[in-house]
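Undergrad: Supplied in structure tokens, the structure appears directly below.
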Amino acid sequence: MNPPIGTTMTPENETQTESATRDVLVVEDEESLAVGIRDALEHAGFQVDMVHEGVGALERIRRTKPGLIVLDLMLPGMSGLEILAKLREERLKVRVLILTALADEDDLLRGFEMGADDYMKKPFSPRELVARVEAQFRRREMDSEPPQVLELPGDIRVDLHRLEVHRDGQVVPLTPREGDILSYLIKHHDRVVTRDDLLLDVWHYQSANVETRTVDIHIVGLRRKVEPNPSEPTLIQTVRGKGYRWYS
Ligand code: CA
């Protein structure tokens, strides 16, 4: 198991990003449909693997870490939604395109809440599917990974991989949670990050309707470690009534 550091930071994910292979796992119990999808994707230059039930799918994802999963929601063994929940729990970062036969909007919404990136309703044209998969891979390539080592004002250096802050000739350890928060703020430096964003995406709470003071307490702790002057923070800026924003 990986240590619980930022999901964008684990060595596996680095490799995954660098290799950028166009590999797709098709999880669909209807074999003729799965084969049709595989053929269309292979024709478009993707490497495709297939699994026809849920439990095996999860094992395959853990082992091969595909770039994208085409995931049917109704599966024997373990449903598509259960697979999504597991991926999230295990912090396996993989793009997911959901397939659904049902016009069940609740399931779709839950799928998106649990990290799915796109969906297609059956029946669909193979061409449309290929276009959607292409779009996901383009987005994946554009996702900029934050650097592992940050040089901050005040001669402070943060190593997000080792979870260390070097300052004033000392090494101050970051907790995995602090590392996750920092990575998240940096990755989303172009916008205000709300407490709800952090609770949902860093703490992985299903609902943000919980005590948000826990976020503030962590921010205070993080500022003590990375801010040149923690009592007058300039890096992790407070945006009144909204949340926080990374300075860059
Ligand atoms: Ca099915």
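Identifiers in this document derive from the order of the structure tokens: chains are assigned A, B, ..., residues are numbered from 1 separately in each chain, and ligands are numbered from 1 in order of occurrence.
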Please identify all protein, DNA and RNA residues within 8 Å of ligand 1, counting only C-alpha atoms and all ligand atoms, and report them as an MDAnalysis selection string.
TA: chainID A and resid 28:30 72:76 100:101
Undergrad: Since we have the selection now, will you write its residues out, keeping all heavy atoms, as a PDB file, in the first residue's frame?
TA:
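Saved as again35.pdb:
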```pdb
ATOM      1  N   GLU A  28     -17.435  -4.721 -18.599  1.00  0.00           N
ATOM      2  CA  GLU A  28     -18.797  -4.846 -19.148  1.00  0.00           C
ATOM      3  C   GLU A  28     -19.137  -6.324 -19.192  1.00  0.00           C
ATOM      4  O   GLU A  28     -18.391  -7.115 -19.746  1.00  0.00           O
ATOM      5  CB  GLU A  28     -18.805  -4.210 -20.553  1.00  0.00           C
ATOM      6  CG  GLU A  28     -20.001  -4.533 -21.412  1.00  0.00           C
ATOM      7  CD  GLU A  28     -21.307  -4.042 -20.821  1.00  0.00           C
ATOM      8  OE1 GLU A  28     -21.478  -2.819 -20.683  1.00  0.00           O
ATOM      9  OE2 GLU A  28     -22.152  -4.896 -20.466  1.00  0.00           O
ATOM     10  N   ASP A  29     -20.268  -6.685 -18.565  1.00  0.00           N
ATOM     11  CA  ASP A  29     -20.599  -8.113 -18.492  1.00  0.00           C
ATOM     12  C   ASP A  29     -21.238  -8.644 -19.771  1.00  0.00           C
ATOM     13  O   ASP A  29     -21.239  -9.837 -20.012  1.00  0.00           O
ATOM     14  CB  ASP A  29     -21.518  -8.401 -17.290  1.00  0.00           C
ATOM     15  CG  ASP A  29     -22.782  -7.571 -17.306  1.00  0.00           C
ATOM     16  OD1 ASP A  29     -22.693  -6.375 -17.639  1.00  0.00           O
ATOM     17  OD2 ASP A  29     -23.846  -8.118 -17.000  1.00  0.00           O
ATOM     18  N   GLU A  30     -21.749  -7.755 -20.586  1.00  0.00           N
ATOM     19  CA  GLU A  30     -22.338  -8.200 -21.845  1.00  0.00           C
ATOM     20  C   GLU A  30     -21.191  -8.370 -22.843  1.00  0.00           C
ATOM     21  O   GLU A  30     -20.661  -7.382 -23.378  1.00  0.00           O
ATOM     22  CB  GLU A  30     -23.301  -7.120 -22.331  1.00  0.00           C
ATOM     23  CG  GLU A  30     -24.422  -7.625 -23.213  1.00  0.00           C
ATOM     24  CD  GLU A  30     -25.304  -6.471 -23.645  1.00  0.00           C
ATOM     25  OE1 GLU A  30     -25.803  -5.749 -22.754  1.00  0.00           O
ATOM     26  OE2 GLU A  30     -25.453  -6.267 -24.849  1.00  0.00           O
ATOM     27  N   ASP A  72     -19.265  -0.341 -16.889  1.00  0.00           N
ATOM     28  CA  ASP A  72     -20.703  -0.573 -16.849  1.00  0.00           C
ATOM     29  C   ASP A  72     -21.149  -0.500 -15.386  1.00  0.00           C
ATOM     30  O   ASP A  72     -20.434  -0.949 -14.494  1.00  0.00           O
ATOM     31  CB  ASP A  72     -20.993  -1.963 -17.432  1.00  0.00           C
ATOM     32  CG  ASP A  72     -22.484  -2.233 -17.541  1.00  0.00           C
ATOM     33  OD1 ASP A  72     -23.261  -1.272 -17.656  1.00  0.00           O
ATOM     34  OD2 ASP A  72     -22.866  -3.420 -17.505  1.00  0.00           O
ATOM     35  N   LEU A  73     -22.322   0.070 -15.147  1.00  0.00           N
ATOM     36  CA  LEU A  73     -22.758   0.183 -13.753  1.00  0.00           C
ATOM     37  C   LEU A  73     -23.358  -1.120 -13.221  1.00  0.00           C
ATOM     38  O   LEU A  73     -23.143  -1.499 -12.077  1.00  0.00           O
ATOM     39  CB  LEU A  73     -23.776   1.326 -13.592  1.00  0.00           C
ATOM     40  CG  LEU A  73     -23.210   2.746 -13.640  1.00  0.00           C
ATOM     41  CD1 LEU A  73     -24.303   3.760 -13.337  1.00  0.00           C
ATOM     42  CD2 LEU A  73     -22.042   2.933 -12.674  1.00  0.00           C
ATOM     43  N   MET A  74     -24.131  -1.806 -14.064  1.00  0.00           N
ATOM     44  CA  MET A  74     -24.773  -3.042 -13.618  1.00  0.00           C
ATOM     45  C   MET A  74     -23.879  -4.219 -13.960  1.00  0.00           C
ATOM     46  O   MET A  74     -23.789  -4.625 -15.117  1.00  0.00           O
ATOM     47  CB  MET A  74     -26.117  -3.205 -14.333  1.00  0.00           C
ATOM     48  CG  MET A  74     -27.110  -2.108 -14.045  1.00  0.00           C
ATOM     49  SD  MET A  74     -28.047  -2.446 -12.560  1.00  0.00           S
ATOM     50  CE  MET A  74     -29.295  -3.527 -13.232  1.00  0.00           C
ATOM     51  N   LEU A  75     -23.234  -4.751 -12.935  1.00  0.00           N
ATOM     52  CA  LEU A  75     -22.281  -5.840 -13.150  1.00  0.00           C
ATOM     53  C   LEU A  75     -22.529  -6.935 -12.127  1.00  0.00           C
ATOM     54  O   LEU A  75     -22.920  -6.644 -10.997  1.00  0.00           O
ATOM     55  CB  LEU A  75     -20.848  -5.335 -12.909  1.00  0.00           C
ATOM     56  CG  LEU A  75     -20.247  -4.361 -13.895  1.00  0.00           C
ATOM     57  CD1 LEU A  75     -18.983  -3.767 -13.292  1.00  0.00           C
ATOM     58  CD2 LEU A  75     -19.926  -5.075 -15.203  1.00  0.00           C
ATOM     59  N   PRO A  76     -22.262  -8.175 -12.490  1.00  0.00           N
ATOM     60  CA  PRO A  76     -22.325  -9.223 -11.478  1.00  0.00           C
ATOM     61  C   PRO A  76     -21.116  -9.126 -10.549  1.00  0.00           C
ATOM     62  O   PRO A  76     -20.058  -8.656 -10.961  1.00  0.00           O
ATOM     63  CB  PRO A  76     -22.276 -10.520 -12.305  1.00  0.00           C
ATOM     64  CG  PRO A  76     -21.661 -10.142 -13.602  1.00  0.00           C
ATOM     65  CD  PRO A  76     -21.936  -8.685 -13.831  1.00  0.00           C
ATOM     66  N   THR A 100     -24.237   3.178 -18.867  1.00  0.00           N
ATOM     67  CA  THR A 100     -25.441   2.796 -18.157  1.00  0.00           C
ATOM     68  C   THR A 100     -26.584   2.522 -19.116  1.00  0.00           C
ATOM     69  O   THR A 100     -26.759   3.213 -20.123  1.00  0.00           O
ATOM     70  CB  THR A 100     -25.856   3.857 -17.115  1.00  0.00           C
ATOM     71  OG1 THR A 100     -27.081   3.460 -16.529  1.00  0.00           O
ATOM     72  CG2 THR A 100     -26.005   5.230 -17.726  1.00  0.00           C
ATOM     73  N   ALA A 101     -27.322   1.464 -18.799  1.00  0.00           N
ATOM     74  CA  ALA A 101     -28.479   1.107 -19.615  1.00  0.00           C
ATOM     75  C   ALA A 101     -29.714   1.799 -19.069  1.00  0.00           C
ATOM     76  O   ALA A 101     -30.702   1.965 -19.755  1.00  0.00           O
ATOM     77  CB  ALA A 101     -28.681  -0.401 -19.595  1.00  0.00           C
TER      78      ALA A 101
END
```
Undergrad: As number ranges by chain, please: every residue in stretch 106-234 of chain A that DSSP puts in alpha helix (DSSP H).
TA: A: 106-113, 126-142, 176-187, 195-201, 213-226
Undergrad: Find, counting only C-alpha atoms, the residue in A:Val55, A:Met50, A:Leu99, A:Leu81 that gets nearest to A:Leu25.
TA: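 Between A:Val55, A:Met50, A:Leu99, A:Leu81, the residue approaching A:Leu25 most closely is A:Met50.
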Undergrad: My list of candidates is A:Val158, A:Leu198, A:Ile217, A:Ile83. Which is closest to A:Ile61 when distances are computed with only C-alpha atoms?
TA: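 When distances to A:Ile61 are compared using only C-alpha atoms, the smallest one comes from A:Ile83.
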Undergrad: Using Å and a single decimal, report how far atom CA of A:Glu151 sits from atom CA of A:Lys242.
TA: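 Value for the atom CA of A:Lys242-atom CA of A:Glu151 distance: 26.9 Å.
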Undergrad: Please determine, counting only C-alpha atoms, which residue among A:Leu58, A:Ile181, A:Val96, A:Val226 has the shortest atom-to-atom distance to A:Asp168.
TA: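 Looking only at the distances to A:Asp168, the closest residue turns out to be A:Val226.
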Undergrad: Where in stretch 93-190 of chain A does DSSP assign strand (DSSP E or B), given as a PyMOL selection string?
TA: chain A and resi 95-100+118-121+149-152+156-159+164-167+170-173
Undergrad: Rank A:Leu185, A:Leu92, A:Leu108, A:Val24 by their smallest atom-to-atom distance to A:Gln136, using only C-alpha atoms, and report the top residue only.
TA: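 Under the stated criterion, the closest residue is A:Val24.
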Undergrad: Just the residues within 12 Å of A:Ala131, please, counting only C-alpha atoms, with nothing from its chain fewer than 3 positions along; format it as a CSV table (one decimal) with C-alpha atoms, in the first residue's frame.
TA:
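Contents of the output file out04.csv:
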```csv
chain,number,residue,atom,x,y,z
A,40,ALA,CA,-13.6,0.2,-31.8
A,41,LEU,CA,-11.0,1.4,-29.3
A,44,ALA,CA,-8.4,4.0,-32.8
A,46,PHE,CA,-5.8,2.1,-27.8
A,97,LEU,CA,-16.3,6.6,-18.2
A,118,ASP,CA,-18.0,11.1,-18.1
A,120,MET,CA,-22.6,7.2,-22.0
A,124,PHE,CA,-24.3,4.4,-28.1
A,125,SER,CA,-22.3,4.6,-31.3
A,126,PRO,CA,-18.8,3.2,-31.1
A,127,ARG,CA,-17.5,6.4,-32.8
A,128,GLU,CA,-19.0,8.5,-30.1
A,134,GLU,CA,-10.0,10.4,-26.7
A,135,ALA,CA,-11.2,13.5,-24.9
A,136,GLN,CA,-10.5,11.9,-21.5
A,137,PHE,CA,-6.9,11.0,-22.5
A,138,ARG,CA,-6.4,14.6,-23.8
```
Undergrad: For A:Val239, list every protein, DNA or RNA residue within 10 Å, evaluated using only C-alpha atoms, and leave out those in the same chain fewer than 4 positions away; present the list as a short mmCIF file (atom, residue, chain, number, x, y, z; two decimals) with C-alpha atoms, in the first residue's frame.
TA:
```
data_model
loop_
_atom_site.label_atom_id
_atom_site.label_comp_id
_atom_site.auth_asym_id
_atom_site.auth_seq_id
_atom_site.Cartn_x
_atom_site.Cartn_y
_atom_site.Cartn_z
CA VAL A 192 -10.36 29.69 -4.42
CA VAL A 193 -10.44 26.33 -2.67
CA THR A 194 -13.39 26.08 -0.30
CA GLY A 243 -11.90 29.54 1.61
CA TYR A 244 -8.23 29.55 0.74
CA ARG A 245 -6.04 30.31 -2.18
#
```
Undergrad: Please determine, counting only C-alpha atoms, which residue among A:Val171, A:Asp216, A:Met114, A:Glu105 has the shortest atom-to-atom distance to A:Arg91.
TA: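 Ranking A:Val171, A:Asp216, A:Met114, A:Glu105 by distance to A:Arg91, first place goes to A:Met114.
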Undergrad: Using only C-alpha atoms, can you tell me which of A:Glu82, A:Asp23, A:Asp39, A:Glu90 comes closest to A:Arg62?
TA: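 When distances to A:Arg62 are compared using only C-alpha atoms, the smallest one comes from A:Glu90.
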Undergrad: Rounded to one decimal, what separation in Å do you get between atom CA of A:Tyr119 and atom CA of A:Val133?
TA: 10.2 Å
Undergrad: Report, in Å with one decimal, the straight-line distance from atom CA of A:Arg177 to atom CA of A:Trp203.
TA: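 Here the two named atoms are 8.2 Å from each other.
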Undergrad: At a cut-off of 9 Å, using only C-alpha atoms, what residues contact A:Leu152? Leave out same-chain residues fewer than 3 positions from it and give the result as a PyMOL selection string.
TA: chain A and resi 155-158+226-228+235
Undergrad: Save out the residues we just selected, N, CA and C atoms, as a compact mmCIF listing (two decimals), in the first residue's frame.
TA:
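Listing of again.txt after writing:
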```
# COMPACT_ATOMS: atom_id res chain seq x y z
N ASP A 155 13.49 31.41 1.82
CA ASP A 155 14.44 30.30 1.77
C ASP A 155 13.86 29.01 2.37
N ILE A 156 12.60 28.80 2.12
CA ILE A 156 11.92 27.61 2.63
C ILE A 156 11.72 26.64 1.47
N ARG A 157 12.11 25.40 1.73
CA ARG A 157 11.96 24.39 0.67
C ARG A 157 11.05 23.29 1.18
N VAL A 158 10.06 22.93 0.37
CA VAL A 158 9.12 21.88 0.76
C VAL A 158 9.29 20.70 -0.19
N VAL A 226 5.04 26.22 6.66
CA VAL A 226 5.51 26.67 5.34
C VAL A 226 5.54 28.19 5.14
N GLU A 227 4.86 28.93 5.99
CA GLU A 227 4.83 30.38 5.78
C GLU A 227 6.09 31.03 6.36
N PRO A 228 6.68 31.97 5.62
CA PRO A 228 7.83 32.70 6.18
C PRO A 228 7.45 33.35 7.51
N LEU A 235 1.27 32.90 1.70
CA LEU A 235 1.24 31.80 0.71
C LEU A 235 -0.14 31.16 0.67
```
Undergrad: Compile the contact shell of A:Pro233 as a PyMOL selection string: residues with an atom at most 12 Å away, counting only C-alpha atoms, same-chain residues fewer than 3 positions apart removed.
TA: chain A and resi 153+219-230+236-239+244-247
Undergrad: Write a file of the selected residues as a PDB file, in the first residue's frame, keeping N, CA and C atoms.
TA:
```pdb
ATOM      1  N   PRO A 153       9.284  31.536  -0.737  1.00  0.00           N
ATOM      2  CA  PRO A 153       9.944  32.727  -0.191  1.00  0.00           C
ATOM      3  C   PRO A 153      10.466  32.442   1.223  1.00  0.00           C
ATOM      4  N   ILE A 219      -5.075  24.083   8.417  1.00  0.00           N
ATOM      5  CA  ILE A 219      -4.462  25.200   7.687  1.00  0.00           C
ATOM      6  C   ILE A 219      -3.521  25.975   8.617  1.00  0.00           C
ATOM      7  N   VAL A 220      -3.952  26.181   9.839  1.00  0.00           N
ATOM      8  CA  VAL A 220      -3.100  26.887  10.802  1.00  0.00           C
ATOM      9  C   VAL A 220      -1.788  26.118  10.998  1.00  0.00           C
ATOM     10  N   GLY A 221      -1.906  24.808  11.153  1.00  0.00           N
ATOM     11  CA  GLY A 221      -0.720  23.981  11.351  1.00  0.00           C
ATOM     12  C   GLY A 221       0.213  24.026  10.148  1.00  0.00           C
ATOM     13  N   LEU A 222      -0.409  24.006   8.981  1.00  0.00           N
ATOM     14  CA  LEU A 222       0.375  24.032   7.744  1.00  0.00           C
ATOM     15  C   LEU A 222       1.087  25.373   7.583  1.00  0.00           C
ATOM     16  N   ARG A 223       0.401  26.447   7.906  1.00  0.00           N
ATOM     17  CA  ARG A 223       1.018  27.766   7.804  1.00  0.00           C
ATOM     18  C   ARG A 223       2.230  27.879   8.726  1.00  0.00           C
ATOM     19  N   ARG A 224       2.122  27.306   9.894  1.00  0.00           N
ATOM     20  CA  ARG A 224       3.264  27.348  10.827  1.00  0.00           C
ATOM     21  C   ARG A 224       4.494  26.734  10.204  1.00  0.00           C
ATOM     22  N   LYS A 225       4.264  25.751   9.349  1.00  0.00           N
ATOM     23  CA  LYS A 225       5.412  25.049   8.778  1.00  0.00           C
ATOM     24  C   LYS A 225       5.941  25.678   7.489  1.00  0.00           C
ATOM     25  N   VAL A 226       5.039  26.225   6.656  1.00  0.00           N
ATOM     26  CA  VAL A 226       5.507  26.670   5.342  1.00  0.00           C
ATOM     27  C   VAL A 226       5.542  28.186   5.144  1.00  0.00           C
ATOM     28  N   GLU A 227       4.856  28.928   5.989  1.00  0.00           N
ATOM     29  CA  GLU A 227       4.826  30.379   5.784  1.00  0.00           C
ATOM     30  C   GLU A 227       6.090  31.025   6.359  1.00  0.00           C
ATOM     31  N   PRO A 228       6.683  31.975   5.624  1.00  0.00           N
ATOM     32  CA  PRO A 228       7.827  32.698   6.183  1.00  0.00           C
ATOM     33  C   PRO A 228       7.453  33.351   7.513  1.00  0.00           C
ATOM     34  N   ASN A 229       6.263  33.963   7.564  1.00  0.00           N
ATOM     35  CA  ASN A 229       5.784  34.541   8.808  1.00  0.00           C
ATOM     36  C   ASN A 229       4.364  34.025   9.061  1.00  0.00           C
ATOM     37  N   PRO A 230       4.234  32.955   9.834  1.00  0.00           N
ATOM     38  CA  PRO A 230       2.925  32.298   9.976  1.00  0.00           C
ATOM     39  C   PRO A 230       1.824  33.201  10.521  1.00  0.00           C
ATOM     40  N   ILE A 236      -0.611  30.715   1.824  1.00  0.00           N
ATOM     41  CA  ILE A 236      -1.970  30.174   1.904  1.00  0.00           C
ATOM     42  C   ILE A 236      -2.866  31.321   2.346  1.00  0.00           C
ATOM     43  N   GLN A 237      -3.476  31.973   1.367  1.00  0.00           N
ATOM     44  CA  GLN A 237      -4.243  33.179   1.652  1.00  0.00           C
ATOM     45  C   GLN A 237      -5.681  32.832   2.005  1.00  0.00           C
ATOM     46  N   THR A 238      -6.210  33.539   2.987  1.00  0.00           N
ATOM     47  CA  THR A 238      -7.617  33.375   3.336  1.00  0.00           C
ATOM     48  C   THR A 238      -8.449  34.267   2.434  1.00  0.00           C
ATOM     49  N   VAL A 239      -9.455  33.677   1.799  1.00  0.00           N
ATOM     50  CA  VAL A 239     -10.400  34.480   1.022  1.00  0.00           C
ATOM     51  C   VAL A 239     -11.678  34.529   1.845  1.00  0.00           C
ATOM     52  N   TYR A 244      -9.666  29.257   0.793  1.00  0.00           N
ATOM     53  CA  TYR A 244      -8.235  29.555   0.742  1.00  0.00           C
ATOM     54  C   TYR A 244      -7.751  29.591  -0.696  1.00  0.00           C
ATOM     55  N   ARG A 245      -6.629  30.262  -0.853  1.00  0.00           N
ATOM     56  CA  ARG A 245      -6.044  30.305  -2.183  1.00  0.00           C
ATOM     57  C   ARG A 245      -4.529  30.312  -2.075  1.00  0.00           C
ATOM     58  N   TRP A 246      -3.903  29.488  -2.891  1.00  0.00           N
ATOM     59  CA  TRP A 246      -2.436  29.459  -2.950  1.00  0.00           C
ATOM     60  C   TRP A 246      -1.946  30.681  -3.679  1.00  0.00           C
ATOM     61  N   TYR A 247      -0.854  31.251  -3.252  1.00  0.00           N
ATOM     62  CA  TYR A 247      -0.455  32.602  -3.685  1.00  0.00           C
ATOM     63  C   TYR A 247      -0.034  32.723  -5.134  1.00  0.00           C
TER      64      TYR A 247
END
```
